[in-house]
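**Q** After the structure tokens below, expect a handful of questions from me.
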Amino acid sequence: MKNLLREPLVHFLILGLLVFIGNAFWTDGQSSDARTIVVSDSILARLDDTWLRTTGRAPTEEDRKGLIDQYVQEEALAREAEMLGMGENDEIIKRRLAQKMRFVSAGTQAGSDPSDGELKQWFQDNRDRFNIAEKRSFHHIYFSPEQHGDTLEREAGSALAELKNGADWKSLGDPFMQKRSYADMPKKEVIRAFGPDFAESIFQLPMTEWSKPIGSAFGLHLVRIEAINREAKADFDANKERIRAVYVETVSDAARQQEIENIVEKYDVVIAR
């Protein structure tokens, strides 16, 4: 036996056996944690809260079983993907993690509950967000630059003269790709449809008179205002709860953005040129 123990081959086999046993022991210990999914009380509470915010009601036992099954599946799949290295340099996973951090940042910011005085002052500073914008209804006659070229303004002027002599407006002008009559259009929608210069001009026109030619992104137009719904100033007392909700959301958004900026400031940013 003593001679056997002196053999180098035996030493090598014993050393290999010890390494194998040690590796198996270490792997079993690591595997135990990696292969155990714990659905803790805090996770259950988070699942319940997510369900409540999404559906507006508390989950039933059947709902909770489905939530737990989904959580376990996602956790198991995520761990397998991580062990396979699937998350490395994956832009989609980075985006999802960033979204989760934004959610966490939002959760750390308590909603502000302003006093009536603070809320009234904020409302006065942001009143335009609650006022009902002025709206205008109008007809327009369109003149195409492609159709008339250098005679565009002359054609529009001739049509205006015909209107003053009692001509039917629907018989004049060129076909227009959109509508020829619009009802209750706020300025921002007119800007989106025709451009800012056109919108600025027609919101200064009086009612029931055909305008001089007005330019738009499409060409020239003669416009007649048919109705004006004036801007309505929002009343604080009548809109108090809506104002409070918008205030809390605005303050929370600002706090969340500040929290994100604080996180970003912890990092050195190097931009490749």
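Every chain in the structure tokens takes a letter, A first, then B, and so on in the order presented; its residues are numbered from 1, and the ligands are numbered from 1 following the presented order.
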DSSP on the backbone, then: every residue of region 42-140 of chain A marked helix (DSSP H, G or I), written as JSON, numbers by chain.
**A** {"A": [42, 43, 44, 45, 46, 47, 48, 49, 50, 51, 52, 53, 54, 55, 61, 62, 63, 64, 65, 66, 67, 68, 69, 70, 71, 72, 73, 74, 75, 76, 77, 78, 79, 80, 81, 82, 83, 91, 92, 93, 94, 95, 96, 97, 98, 99, 100, 101, 102, 103, 104, 105, 106, 107, 116, 117, 118, 119, 120, 121, 122, 123, 124, 125, 127, 128, 129]}
**Q** Determine, counting only C-alpha atoms, which protein, DNA and RNA residues have an atom within 9 Å of an atom of region 154-171 of chain A; residues of the same chain fewer than 5 positions away are not included. Present the result as a PyMOL selection string.
**A** chain A and resi 139-143+148+180+210-213+220-222
**Q** Can you write just those residues out, C-alpha atoms, as a compact mmCIF listing (two decimals), in the first residue's frame?
**A**
# COMPACT_ATOMS: atom_id res chain seq x y z
CA HIS A 139 -66.10 77.88 -45.44
CA HIS A 140 -63.19 78.35 -47.81
CA ILE A 141 -62.65 78.52 -51.56
CA TYR A 142 -59.35 77.10 -52.73
CA PHE A 143 -57.08 78.23 -55.57
CA HIS A 148 -53.09 78.88 -62.11
CA ARG A 180 -64.36 72.97 -47.93
CA TRP A 210 -65.48 86.74 -47.41
CA SER A 211 -61.85 87.51 -46.74
CA LYS A 212 -59.17 88.70 -49.11
CA PRO A 213 -56.96 85.86 -50.41
CA LEU A 220 -54.65 80.64 -51.68
CA HIS A 221 -58.06 80.65 -50.02
CA LEU A 222 -61.05 82.94 -49.67
**Q** In Å, how far is it from CA of Ala199 (chain A) to CA of Arg242 (chain A)?
**A**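 So the two atoms, CA of Ala199 (chain A) and CA of Arg242 (chain A), lie 29.6 Å apart.
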**Q** Rounded to one decimal, what separation in Å do you get between CA of Asp253 (chain A) and CA of Leu52 (chain A)?
**A**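 Between CA of Asp253 (chain A) and CA of Leu52 (chain A) the gap works out to 21.7 Å.
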**Q** For Thr36 (chain A), which of A:Arg79, A:Arg96, A:Lys135, A:Lys65 is the closest residue, counting only C-alpha atoms?
**A**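 Among the listed residues, A:Arg79 lies closest to Thr36 (chain A).
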**Q** Nearest to Gln147 (chain A) among A:Phe176, A:Asn229, A:Asn126, A:Gln121, with distances taken over only C-alpha atoms: which residue is it?
**A** A:Phe176
**Q** Could you tell me how far CA of Arg127 (chain A) sits from CA of Phe198 (chain A), in Å to one decimal place?
**A** 26.0 Å
**Q** Out of region 190-269 of chain A, which residues get strand (DSSP E or B) from DSSP, as a list in words?
**A** Met207, Trp210, Ile214, Gly215, Leu220, His221, Leu222, Val223, Arg224, Ile225, Glu226, Ala227, Ile228, Asn229 and Ala232 of chain A
**Q** Just write the chosen residues, N, CA and C atoms, as a PDB file, in the first residue's frame.
**A**
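Saved result, part_22.pdb, follows:
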ATOM      1  N   MET A 207     -67.075  87.864 -38.715  1.00  0.00           N
ATOM      2  CA  MET A 207     -67.997  86.840 -39.196  1.00  0.00           C
ATOM      3  C   MET A 207     -68.699  87.265 -40.481  1.00  0.00           C
ATOM      4  N   TRP A 210     -66.557  87.441 -46.709  1.00  0.00           N
ATOM      5  CA  TRP A 210     -65.476  86.745 -47.409  1.00  0.00           C
ATOM      6  C   TRP A 210     -64.195  87.547 -47.302  1.00  0.00           C
ATOM      7  N   ILE A 214     -56.032  84.460 -48.660  1.00  0.00           N
ATOM      8  CA  ILE A 214     -55.168  84.087 -47.541  1.00  0.00           C
ATOM      9  C   ILE A 214     -54.326  82.888 -47.961  1.00  0.00           C
ATOM     10  N   GLY A 215     -53.031  82.951 -47.729  1.00  0.00           N
ATOM     11  CA  GLY A 215     -52.142  81.862 -48.103  1.00  0.00           C
ATOM     12  C   GLY A 215     -52.115  80.753 -47.075  1.00  0.00           C
ATOM     13  N   LEU A 220     -53.868  79.491 -52.158  1.00  0.00           N
ATOM     14  CA  LEU A 220     -54.649  80.637 -51.679  1.00  0.00           C
ATOM     15  C   LEU A 220     -56.078  80.216 -51.376  1.00  0.00           C
ATOM     16  N   HIS A 221     -56.696  80.950 -50.435  1.00  0.00           N
ATOM     17  CA  HIS A 221     -58.064  80.650 -50.020  1.00  0.00           C
ATOM     18  C   HIS A 221     -58.826  81.958 -49.798  1.00  0.00           C
ATOM     19  N   LEU A 222     -60.106  81.928 -50.146  1.00  0.00           N
ATOM     20  CA  LEU A 222     -61.049  82.937 -49.666  1.00  0.00           C
ATOM     21  C   LEU A 222     -61.829  82.277 -48.529  1.00  0.00           C
ATOM     22  N   VAL A 223     -61.941  82.957 -47.400  1.00  0.00           N
ATOM     23  CA  VAL A 223     -62.514  82.340 -46.201  1.00  0.00           C
ATOM     24  C   VAL A 223     -63.660  83.181 -45.667  1.00  0.00           C
ATOM     25  N   ARG A 224     -64.719  82.505 -45.230  1.00  0.00           N
ATOM     26  CA  ARG A 224     -65.826  83.190 -44.553  1.00  0.00           C
ATOM     27  C   ARG A 224     -66.098  82.490 -43.223  1.00  0.00           C
ATOM     28  N   ILE A 225     -66.030  83.251 -42.155  1.00  0.00           N
ATOM     29  CA  ILE A 225     -66.285  82.715 -40.814  1.00  0.00           C
ATOM     30  C   ILE A 225     -67.789  82.625 -40.602  1.00  0.00           C
ATOM     31  N   GLU A 226     -68.253  81.440 -40.249  1.00  0.00           N
ATOM     32  CA  GLU A 226     -69.679  81.213 -40.056  1.00  0.00           C
ATOM     33  C   GLU A 226     -70.096  81.259 -38.589  1.00  0.00           C
ATOM     34  N   ALA A 227     -69.202  80.900 -37.695  1.00  0.00           N
ATOM     35  CA  ALA A 227     -69.539  80.905 -36.264  1.00  0.00           C
ATOM     36  C   ALA A 227     -68.264  81.006 -35.450  1.00  0.00           C
ATOM     37  N   ILE A 228     -68.377  81.660 -34.291  1.00  0.00           N
ATOM     38  CA  ILE A 228     -67.243  81.807 -33.374  1.00  0.00           C
ATOM     39  C   ILE A 228     -67.691  81.380 -31.981  1.00  0.00           C
ATOM     40  N   ASN A 229     -67.033  80.379 -31.440  1.00  0.00           N
ATOM     41  CA  ASN A 229     -67.238  79.999 -30.039  1.00  0.00           C
ATOM     42  C   ASN A 229     -66.066  80.554 -29.245  1.00  0.00           C
ATOM     43  N   ALA A 232     -63.476  80.047 -23.362  1.00  0.00           N
ATOM     44  CA  ALA A 232     -64.147  79.987 -22.059  1.00  0.00           C
ATOM     45  C   ALA A 232     -63.096  79.857 -20.963  1.00  0.00           C
TER      46      ALA A 232
END
**Q** I want to know what sits within 12 Å of Gly195 (chain A), based on only C-alpha atoms, with residues of the same chain fewer than 3 positions away left out; could you give that as a list in words?
**A** Lys187, Lys188, Glu189, Val190, Ile191, Arg192, Phe198, Ala199, Glu200, Ser201, Ile202, Ile214, Gly215, Ser216, Ala217, Phe218 and Gly219 of chain A
